[in-house]
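Asker: This is the content of data.txt (compact mmCIF, C-alpha atoms):
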# COMPACT_ATOMS: atom_id res chain seq x y z
CA MET A 22 46.50 41.65 128.77
CA ILE A 23 49.07 39.87 130.92
CA ARG A 24 51.73 42.33 132.01
CA ARG A 25 55.21 40.94 132.38
CA GLN A 26 57.60 41.78 135.17
CA VAL A 27 60.51 43.93 133.96
CA VAL A 28 63.93 43.66 135.59
CA ILE A 29 67.25 45.48 135.35
CA THR A 30 70.16 43.18 134.52
CA GLY A 31 72.87 45.70 133.65
CA THR A 32 73.84 49.32 134.28
CA GLY A 33 76.32 51.62 132.61
CA LEU A 34 77.01 54.54 134.90
CA VAL A 35 79.50 57.38 134.49
CA SER A 36 79.68 60.55 136.60
CA ALA A 37 82.21 62.82 138.24
CA LEU A 38 82.67 60.09 140.86
CA GLY A 39 83.97 57.61 138.30
CA GLU A 40 82.55 54.79 136.24
CA GLY A 41 80.79 51.57 137.06
CA PRO A 42 78.94 50.21 140.10
CA ASP A 43 81.88 49.76 142.46
CA ALA A 44 83.15 53.33 142.08
CA HIS A 45 79.71 54.76 142.75
CA TRP A 46 78.78 52.41 145.56
CA ASN A 47 82.03 53.03 147.40
CA ALA A 48 81.95 56.80 146.94
CA LEU A 49 78.29 57.31 147.79
CA SER A 50 78.36 54.96 150.75
CA ALA A 51 81.43 56.63 152.25
CA GLY A 52 80.12 60.20 152.22
CA THR A 53 82.56 61.43 149.59
CA ALA A 54 83.00 65.13 148.82
CA PRO A 55 81.70 66.60 145.56
CA VAL A 56 84.08 66.47 142.60
CA VAL A 57 84.00 69.93 141.01
CA ASP A 58 85.81 72.19 138.56
CA GLU A 59 85.39 75.77 139.76
CA ALA A 60 87.95 77.35 137.43
CA SER A 61 87.43 76.31 133.81
CA TYR A 62 83.98 77.88 133.42
CA ALA A 63 84.16 80.53 136.15
CA PRO A 64 82.08 82.04 137.59
CA TRP A 65 80.12 78.82 137.06
CA THR A 66 81.08 75.49 138.55
CA VAL A 67 80.69 72.11 136.83
CA HIS A 68 81.09 68.50 137.93
CA PRO A 69 83.58 67.16 135.35
CA LEU A 70 83.65 63.73 133.76
CA PRO A 71 86.43 61.33 134.73
CA ALA A 72 89.04 60.23 132.20
CA LEU A 73 87.64 57.29 130.22
CA SER A 74 89.55 54.51 128.48
CA LEU A 75 87.51 54.87 125.31
CA ASP A 76 89.32 52.05 123.53
CA THR A 77 87.71 49.50 125.84
CA GLN A 78 84.21 50.27 124.53
CA ILE A 79 84.88 52.12 121.24
CA PRO A 80 87.86 50.21 119.83
CA LYS A 81 88.09 51.92 116.44
CA LYS A 82 89.86 55.29 116.49
CA GLY A 83 87.87 56.36 113.43
CA ASP A 84 84.62 55.86 115.33
CA GLN A 85 85.96 57.91 118.23
CA ARG A 86 87.07 60.75 115.95
CA GLN A 87 83.74 61.15 114.19
CA MET A 88 81.80 61.43 117.47
CA GLU A 89 81.39 64.51 119.60
CA PRO A 90 82.14 64.11 123.34
CA TRP A 91 78.50 63.51 124.31
CA GLN A 92 78.24 60.74 121.71
CA ARG A 93 81.43 59.09 122.91
CA LEU A 94 80.18 59.27 126.50
CA GLY A 95 76.81 57.70 125.68
CA THR A 96 78.30 55.00 123.48
CA TYR A 97 80.84 54.18 126.18
CA ALA A 98 78.22 53.93 128.94
CA ALA A 99 75.95 51.83 126.72
CA GLY A 100 78.80 49.35 126.32
CA LEU A 101 79.31 49.25 130.08
CA ALA A 102 75.62 48.35 130.53
CA ILE A 103 75.75 45.58 127.92
CA ASP A 104 78.85 44.07 129.53
CA ASP A 105 77.37 44.38 133.03
CA ALA A 106 74.32 42.42 131.85
CA GLY A 107 76.45 39.79 130.12
CA ALA A 108 74.39 40.45 127.01
CA ARG A 109 76.94 40.81 124.21
CA ASP A 110 75.39 37.84 122.39
CA LEU A 111 71.91 39.40 122.59
CA VAL A 112 72.52 42.76 120.94
CA ALA A 113 70.85 41.71 117.68
CA ASP A 114 67.53 41.36 119.55
CA MET A 115 67.98 44.39 121.80
CA HIS A 116 65.63 47.35 121.40
CA LEU A 117 67.36 50.72 121.79
CA ILE A 118 65.83 53.86 123.30
CA VAL A 119 68.05 56.88 123.86
CA ALA A 120 67.59 60.33 125.40
CA ALA A 121 69.95 63.01 124.13
CA GLY A 122 70.25 66.72 123.61
CA GLY A 123 71.57 68.47 120.54
CA GLY A 124 75.21 68.47 119.58
CA GLU A 125 77.81 71.05 120.38
CA ARG A 126 77.79 74.48 118.79
CA ASP A 127 80.68 75.91 116.81
CA VAL A 128 81.76 78.21 119.64
CA PRO A 129 84.53 80.06 117.71
CA LEU A 130 82.02 80.94 114.99
CA ASP A 131 79.51 82.09 117.60
CA GLU A 132 82.16 84.35 119.07
CA GLN A 133 83.03 85.76 115.65
CA VAL A 134 79.38 86.48 114.88
CA ASN A 135 78.84 88.20 118.23
CA ALA A 136 82.01 90.25 117.88
CA GLU A 137 81.15 91.51 114.41
CA LEU A 138 77.48 92.24 115.09
CA ALA A 139 77.79 93.64 118.61
CA ASN A 140 78.05 97.24 117.42
CA ALA A 141 76.12 97.00 114.16
CA ASN A 142 73.83 99.99 113.67
CA ASP A 143 72.20 99.08 110.36
CA PRO A 144 69.84 96.08 110.76
CA ALA A 145 69.88 95.34 107.02
CA GLN A 146 73.66 95.25 106.85
CA ALA A 147 73.83 93.22 110.05
CA GLY A 148 71.41 90.68 108.63
CA ALA A 149 73.35 90.39 105.41
CA ARG A 150 76.62 89.95 107.29
CA LEU A 151 75.05 87.29 109.54
CA ASN A 152 73.91 85.32 106.51
CA GLU A 153 77.38 85.61 105.00
CA LEU A 154 79.08 84.40 108.16
CA LEU A 155 76.75 81.44 108.48
CA ALA A 156 77.03 80.51 104.81
CA THR A 157 80.82 80.57 104.78
CA GLY A 158 81.63 79.62 108.37
CA LEU A 159 79.41 76.67 109.21
CA ARG A 160 80.79 73.26 108.27
CA PRO A 161 78.23 71.13 106.40
CA THR A 162 79.04 68.20 108.69
CA LEU A 163 78.22 70.27 111.78
CA PHE A 164 74.51 69.74 111.22
CA LEU A 165 74.90 65.97 111.01
CA ALA A 166 77.14 65.93 114.07
CA GLN A 167 74.42 67.72 116.04
CA LEU A 168 71.64 65.23 115.33
CA SER A 169 70.65 63.57 118.59
CA ASN A 170 69.75 60.30 116.88
CA LEU A 171 73.41 59.87 115.98
CA LEU A 172 73.97 58.70 119.55
CA ALA A 173 71.60 55.80 118.89
CA GLY A 174 73.27 55.27 115.52
CA ASN A 175 76.73 55.11 117.04
CA ILE A 176 75.57 52.66 119.72
CA SER A 177 74.13 50.47 116.97
CA ILE A 178 77.31 50.64 114.89
CA VAL A 179 79.83 50.19 117.69
CA HIS A 180 77.99 47.63 119.81
CA GLY A 181 75.86 45.91 117.15
CA VAL A 182 72.50 46.76 118.74
CA THR A 183 70.13 46.18 115.83
CA GLY A 184 66.65 45.96 117.30
CA SER A 185 64.21 48.84 116.93
CA SER A 186 65.63 52.28 117.72
CA ARG A 187 64.10 55.48 119.11
CA THR A 188 65.62 58.77 120.20
CA PHE A 189 63.99 61.34 122.47
CA MET A 190 64.84 65.02 122.86
CA GLY A 191 63.42 67.36 125.46
CA GLU A 192 65.70 67.66 128.47
CA GLU A 193 64.66 65.72 131.59
CA SER A 194 61.35 64.57 130.14
CA ALA A 195 63.15 62.90 127.26
CA ALA A 196 65.03 60.63 129.66
CA ALA A 197 61.97 59.83 131.76
CA ASP A 198 59.92 58.95 128.69
CA ALA A 199 62.73 56.84 127.26
CA VAL A 200 62.75 54.70 130.41
CA ARG A 201 58.94 54.69 130.61
CA ILE A 202 58.48 53.52 127.04
CA ALA A 203 61.22 50.90 127.25
CA HIS A 204 59.53 49.51 130.37
CA ALA A 205 56.07 49.59 128.74
CA ARG A 206 57.21 47.79 125.59
CA LEU A 207 58.64 44.89 127.57
CA ALA A 208 55.77 44.77 130.07
CA GLU A 209 53.27 44.58 127.20
CA GLY A 210 55.15 41.77 125.46
CA ARG A 211 56.58 43.83 122.60
CA GLY A 212 60.10 42.62 123.19
CA GLU A 213 62.23 40.68 125.65
CA ILE A 214 65.30 42.90 126.11
CA ALA A 215 66.05 46.62 125.70
CA LEU A 216 68.90 49.07 126.18
CA VAL A 217 67.79 52.50 127.39
CA GLY A 218 69.62 55.55 128.69
CA GLY A 219 70.91 59.06 128.22
CA ALA A 220 74.11 61.08 128.31
CA PHE A 221 75.09 64.67 129.01
CA THR A 222 78.41 66.51 129.01
CA ALA A 223 78.58 69.56 131.26
CA GLN A 224 82.01 70.78 130.15
CA ARG A 225 80.64 72.94 127.34
CA TRP A 226 80.51 76.73 127.31
CA ASP A 227 77.48 76.71 125.04
CA LEU A 228 75.41 74.70 127.53
CA VAL A 229 76.60 76.68 130.54
CA LEU A 230 75.51 79.88 128.84
CA LEU A 231 72.28 78.34 127.54
CA TYR A 232 71.05 77.36 130.99
CA ARG A 233 72.42 80.57 132.51
CA GLY A 234 70.12 82.46 130.16
CA GLY A 235 67.11 81.16 132.06
CA ASP A 236 68.57 82.13 135.44
CA GLY A 237 68.89 78.45 136.19
CA MET A 238 72.59 78.24 137.05
CA TRP A 239 74.32 78.60 140.39
CA GLU A 240 77.02 81.25 140.17
CA GLY A 241 80.16 80.91 142.24
CA PRO A 242 81.99 78.10 144.03
CA HIS A 243 80.16 74.90 144.88
CA LYS A 244 77.57 75.19 147.61
CA PRO A 245 75.35 72.37 148.91
CA LEU A 246 72.23 71.89 146.85
CA SER A 247 69.83 72.61 149.69
CA GLU A 248 71.66 75.76 150.79
CA ARG A 249 71.45 77.54 147.44
CA PRO A 250 67.79 78.71 147.70
CA ALA A 251 68.56 80.61 150.93
CA SER A 252 70.84 82.91 148.93
CA GLY A 253 67.82 84.13 146.99
CA GLN A 254 69.41 82.78 143.83
CA GLY A 255 69.25 79.00 143.86
CA GLY A 256 70.39 77.29 140.73
CA MET A 257 71.89 74.20 139.15
CA ILE A 258 75.45 73.03 138.89
CA LEU A 259 75.65 70.93 135.76
CA GLY A 260 77.34 67.56 135.91
CA GLY A 261 78.59 65.32 133.14
CA MET A 262 77.00 61.89 133.38
CA ALA A 263 75.59 58.96 131.50
CA GLY A 264 73.20 56.30 132.68
CA PHE A 265 72.25 53.24 130.63
CA LEU A 266 70.13 50.27 131.66
CA VAL A 267 69.62 46.82 130.20
CA LEU A 268 65.98 45.92 130.83
CA GLU A 269 64.57 42.44 130.32
CA THR A 270 61.38 40.59 131.01
CA GLU A 271 61.92 38.55 134.13
CA GLU A 272 61.22 35.30 132.24
CA HIS A 273 63.87 36.14 129.65
CA ALA A 274 66.45 37.06 132.27
CA ARG A 275 65.90 33.97 134.38
CA ALA A 276 65.84 31.68 131.34
CA ARG A 277 69.35 32.77 130.39
CA GLY A 278 70.58 32.74 133.98
CA ALA A 279 71.21 36.48 134.12
CA ARG A 280 71.96 38.23 137.39
CA ILE A 281 68.99 40.43 138.27
CA LEU A 282 69.86 43.71 139.97
CA ALA A 283 66.32 44.92 140.70
CA ARG A 284 62.78 44.94 139.43
CA LEU A 285 61.62 48.04 137.61
CA ASP A 286 58.02 47.95 138.76
CA SER A 287 56.58 51.07 137.18
CA VAL A 288 57.50 54.35 135.49
CA ALA A 289 55.21 57.33 134.90
CA SER A 290 55.67 60.85 133.61
CA ASP A 291 53.64 64.01 133.22
CA ALA A 292 54.18 67.59 132.07
CA SER A 293 52.00 69.96 134.06
CA ARG A 294 51.79 73.55 132.88
CA ARG A 295 53.21 74.85 136.18
CA ALA A 296 51.00 77.87 135.82
CA ALA A 297 50.66 78.21 139.59
CA PRO A 298 52.81 77.21 142.59
CA GLY A 299 52.16 73.66 143.69
CA GLU A 300 50.92 72.42 140.33
CA ALA A 301 53.97 70.26 139.60
CA ALA A 302 53.93 68.78 143.12
CA GLU A 303 50.27 67.91 142.68
CA ALA A 304 51.00 66.30 139.31
CA ALA A 305 53.63 64.10 140.96
CA ARG A 306 51.23 63.20 143.77
CA ALA A 307 48.72 62.05 141.13
CA LEU A 308 51.34 59.73 139.64
CA LEU A 309 52.35 58.19 142.97
CA PRO A 310 49.43 55.77 143.62
CA ARG A 311 49.83 53.99 140.31
CA VAL A 312 53.64 53.96 140.43
CA ALA A 313 54.10 52.86 144.05
CA PRO A 314 50.76 51.55 145.38
CA GLU A 315 52.52 49.64 148.17
CA GLY A 316 54.46 52.69 149.33
CA VAL A 317 58.19 53.37 149.29
CA GLU A 318 60.98 52.82 151.79
CA ALA A 319 63.55 55.24 150.36
CA VAL A 320 63.79 57.99 147.73
CA ILE A 321 66.49 58.99 145.28
CA SER A 322 65.60 62.53 144.35
CA GLY A 323 66.22 64.07 140.96
CA ALA A 324 66.42 67.55 142.49
CA SER A 325 68.52 69.74 140.22
CA GLY A 326 68.70 72.99 142.18
CA ALA A 327 66.62 75.00 139.70
CA PRO A 328 64.68 77.30 142.08
CA ASP A 329 61.07 76.72 141.02
CA ALA A 330 61.53 72.99 140.46
CA TRP A 331 63.27 72.71 143.84
CA ALA A 332 60.27 74.20 145.63
CA GLU A 333 57.86 71.89 143.83
CA GLU A 334 59.83 68.73 144.55
CA GLU A 335 60.36 69.66 148.19
CA ALA A 336 56.58 70.07 148.55
CA PHE A 337 56.10 66.61 147.06
CA LEU A 338 58.81 64.99 149.19
CA ARG A 339 57.32 66.36 152.42
CA GLY A 340 54.36 64.05 151.85
CA LEU A 341 56.53 60.92 151.81
CA ASP A 342 57.55 59.17 155.00
CA ALA A 343 60.85 57.88 153.64
CA PRO A 344 64.57 58.73 153.72
CA VAL A 345 65.65 60.96 150.84
CA ARG A 346 69.00 61.19 149.04
CA ARG A 347 69.86 63.96 146.55
CA PRO A 348 72.74 62.87 144.25
CA ALA A 349 72.94 66.21 142.41
CA ASN A 350 74.82 67.68 145.34
CA LEU A 351 77.71 65.32 144.59
CA ILE A 352 77.51 64.70 140.83
CA GLY A 353 75.55 67.71 139.56
CA HIS A 354 72.52 67.76 137.31
CA GLY A 355 72.85 65.70 134.14
CA VAL A 356 69.64 66.77 132.33
CA GLU A 357 69.06 63.92 129.79
CA GLY A 358 71.43 61.68 131.71
CA ALA A 359 70.01 62.29 135.18
CA PHE A 360 66.87 60.12 135.36
CA PRO A 361 68.41 56.87 134.02
CA ALA A 362 71.53 57.48 136.12
CA HIS A 363 69.40 57.82 139.25
CA VAL A 364 67.45 54.66 138.33
CA ALA A 365 70.82 52.91 138.00
CA LEU A 366 71.78 54.15 141.49
CA ALA A 367 68.53 52.77 142.90
CA ALA A 368 69.12 49.40 141.23
CA LEU A 369 72.66 49.37 142.61
CA ALA A 370 71.45 49.93 146.18
CA LEU A 371 68.83 47.20 145.89
CA SER A 372 71.32 44.72 144.44
CA ARG A 373 73.88 45.45 147.18
CA GLY A 374 71.31 45.16 149.96
CA GLY A 375 72.00 48.61 151.39
CA PHE A 376 71.51 52.32 150.88
CA TYR A 377 73.62 55.43 150.55
CA GLY A 378 74.86 57.83 153.17
CA ARG A 379 73.49 61.36 153.20
CA MET A 380 74.53 63.30 150.14
CA ASP A 381 73.18 66.76 151.03
CA PRO A 382 72.50 68.57 154.33
CA ALA A 383 68.76 68.34 153.60
CA ASP A 384 68.85 64.55 153.23
CA SER A 385 66.81 62.89 155.93
CA GLY A 386 66.34 59.53 157.58
CA ASP A 387 68.24 56.29 157.41
CA ALA A 388 67.45 53.12 155.53
CA ALA A 389 69.72 50.19 156.15
CA ALA A 390 68.40 47.99 153.36
CA PRO A 391 65.25 49.28 151.62
CA SER A 392 63.29 46.83 149.50
CA ARG A 393 61.39 49.50 147.52
CA ILE A 394 62.95 52.72 146.20
CA LEU A 395 61.25 55.64 144.46
CA VAL A 396 63.20 57.73 141.93
CA THR A 397 61.90 61.24 141.24
CA GLY A 398 62.53 63.58 138.35
CA PHE A 399 61.41 67.20 138.27
CA GLY A 400 62.56 68.99 135.13
CA GLN A 401 64.10 72.39 135.69
CA TRP A 402 61.37 73.90 133.48
CA ARG A 403 58.79 71.23 132.76
CA GLY A 404 58.23 67.54 133.38
CA GLU A 405 57.51 65.34 136.39
CA ALA A 406 58.46 61.67 136.54
CA LEU A 407 58.53 58.80 139.02
CA ALA A 408 59.99 55.30 138.86
CA ALA A 409 59.50 52.55 141.43
CA LEU A 410 62.05 49.77 141.89
CA SER A 411 62.00 46.79 144.22
CA ARG A 412 64.41 44.12 145.32
CA ALA A 413 64.32 41.01 143.17
CA GLU A 414 64.24 37.49 144.49
CA LYS A 415 67.56 35.72 144.30
CA ASN A 416 68.12 33.76 141.11
For this file, write the structure as structure tokens.
Answerer:
Amino acid sequence: MIRRQVVITGTGLVSALGEGPDAHWNALSAGTAPVVDEASYAPWTVHPLPALSLDTQIPKKGDQRQMEPWQRLGTYAAGLAIDDAGARDLVADMHLIVAAGGGERDVPLDEQVNAELANANDPAQAGARLNELLATGLRPTLFLAQLSNLLAGNISIVHGVTGSSRTFMGEESAAADAVRIAHARLAEGRGEIALVGGAFTAQRWDLVLLYRGGDGMWEGPHKPLSERPASGQGGMILGGMAGFLVLETEEHARARGARILARLDSVASDASRRAAPGEAAEAARALLPRVAPEGVEAVISGASGAPDAWAEEEAFLRGLDAPVRRPANLIGHGVEGAFPAHVALAALALSRGGFYGRMDPADSGDAAAPSRILVTGFGQWRGEALAALSRAEKN
């Protein structure tokens, strides 16, 4: 089988630093300070989303109203990627692969349930009351609004993307597999153009408390990513973000005269059991030869700050002789949005012929203009992923 070269021709990137390539290039090249909200969800900090002009990508107010914030964010970023690729006339042929979490919970109802059942002494009565509250309190449309594949549906409706459609759930691994499968489909000749990405909103009490339940969250004001483990606590600071990519076969992109940002050479993922220390690092090492056989010149790390995952990724990174940048210190951890956002950052650096300043005190080395960049992704609980990108020849 002849494998086709896959290239990135458009990115849609939104984070606490702003939206689009210029905002991120300027901020990350200038050594900007983290953008954080330390008050709204205290004692936990989040990296908030910027204000978005939704009308520019979701023109119908009715479409905006029927979406939850994470759907609006993803649909908006998908539109940015399509525009960046100059591919509005190709959406009918565009395959769509999306990574997304579940929708938002009905927080007021959750609070009512907890308040009424907190002091219940009779399990039978408590169970009956719970059933009553759920039967009378939950809106029927809530279940539809929570379906993750509605993000793909909204992208199809708003932007007219009508090729095949897939949605992945499963935190960081969902995003890595979305990019991996989009790349594989094009490389194997099962399509010429695809839109792939993920979105995550951090400004949600339900998610803050969900990840706090696993002792995965940093508590208190913002502290540099690499300095959190020394406290004995470690932990993530969630960040709202979306990353979408327009992928094309190189022949298709060059035939239509598209601007090529970077080549996406290879993507691989695994899900080791992490039954013993070092297992995840070893799983990533096993992926490296087939993802980047020619080596790498720089790394964009998906480090989240989750303590165990941090230790595993650091063990893996120590084996690479390359400068490392850790965006989560500045934009937080975006779970389903993180891996495609970091791939977009790598493509941006390759297209601009430069690299980013240090983002975290642990960042090391300098790379004036790398030609090959490795993107890592270590899920806070499970999942290892690598993507290799290289500079494309000028059109």
Asker: Which residue is closest to Ala196 in chain A? Choose from A:Gly181, A:Gly264, A:Gly316, A:Gly100 and count only C-alpha atoms.
Answerer: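 Counting only C-alpha atoms, the residue closest to Ala196 in chain A is A:Gly264.
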Asker: Which residue out of A:Ala106, A:Ile258, A:Val396, A:Ala406 has the minimum interatomic distance to Ala274 in chain A when all atoms listed in the file are used?
Answerer: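 Using all atoms listed in the file, Ala274 in chain A sits closest to A:Ala106.
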Asker: Which is closer to Ala301 in chain A than all the others in A:Gly174, A:Gly41, A:Gly398, A:Gly255, using all atoms listed in the file?
Answerer: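 Checking each of A:Gly174, A:Gly41, A:Gly398, A:Gly255 against Ala301 in chain A, counting all atoms listed in the file, the winner is A:Gly398.
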Asker: Env of Ala51 in chain A: 9 Å cut, atoms = all atoms listed in the file, seq-sep filter 5 positions within chain, self excluded. Answer as a list in words.
Answerer: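 Answer for this query is Trp46, Tyr377 and Gly378 of chain A.
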Asker: Can you work out which one of A:Arg346, A:Arg24, A:Arg284, A:Arg126 has the shortest atom-to-atom distance to Ala409 in chain A, counting only C-alpha atoms?
Answerer: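 For Ala409 in chain A, the nearest of the given residues is A:Arg284.
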Asker: Between A:Leu101, A:Leu171, A:Ala145, A:Val229, which residue has the minimum interatomic distance to Gly123 in chain A, considering all atoms listed in the file?
Answerer: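 Closest to Gly123 in chain A of all the choices is A:Leu171.
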Asker: Counting all atoms listed in the file, figure out which residue out of A:Val67, A:Ala324, A:Ala99, A:Ala197 gets nearest to Gly261 in chain A.
Answerer: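 Of A:Val67, A:Ala324, A:Ala99, A:Ala197, the one nearest Gly261 in chain A is A:Val67, counting all atoms listed in the file.
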Asker: Excluding range 333-337 of chain A and its own-chain neighbours fewer than 5 positions away, which residues fall within 8 Å of it when counting all atoms listed in the file? Please give them as an NGL selection string.
Answerer: :A and (298-303 or 305-306 or 324 or 399)
Asker: Near Pro90 in chain A, counting all atoms listed in the file, which residues have an atom at most 12 Å away, once you skip same-chain residues fewer than 5 positions from it, shown as JSON, numbers by chain?
Answerer: {"A": [70, 72, 73, 75, 84, 85, 95, 96, 97, 123, 124, 125, 166, 167, 172, 220, 221, 222, 223, 224, 225, 261, 262, 263]}
Asker: Just to confirm, what's the straight-line distance from CA of Thr270 in chain A to CA of Leu366 in chain A in Å (one decimal)?
Answerer: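 Separation between CA of Thr270 in chain A and CA of Leu366 in chain A: 20.0 Å.
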Asker: Is there a way to get, as a PyMOL selection string, all residues within 10 Å of the point (76.0, 75.1, 139.1) in file coordinates, counting only C-alpha atoms?
Answerer: chain A and resi 57+59+64-68+223+229+232-233+237-244+246+249+255-260+325-327+349-350+353-354
Asker: What separation in Å, quoted to one decimal, exists between CA of Asp105 in chain A and CA of Arg280 in chain A?
Answerer: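 Taking CA of Asp105 in chain A as the start and CA of Arg280 in chain A as the end point, the length is 9.3 Å.
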Asker: Which residues are close to Met115 in chain A, i.e. within 7 Å by all atoms listed in the file, leaving aside same-chain residues fewer than 3 positions away? Reply as a list of chain:residue names.
Answerer: A:Leu111, A:Val112, A:Val182, A:Thr183, A:Gly184, A:Ile214, A:Ala215, A:Leu216
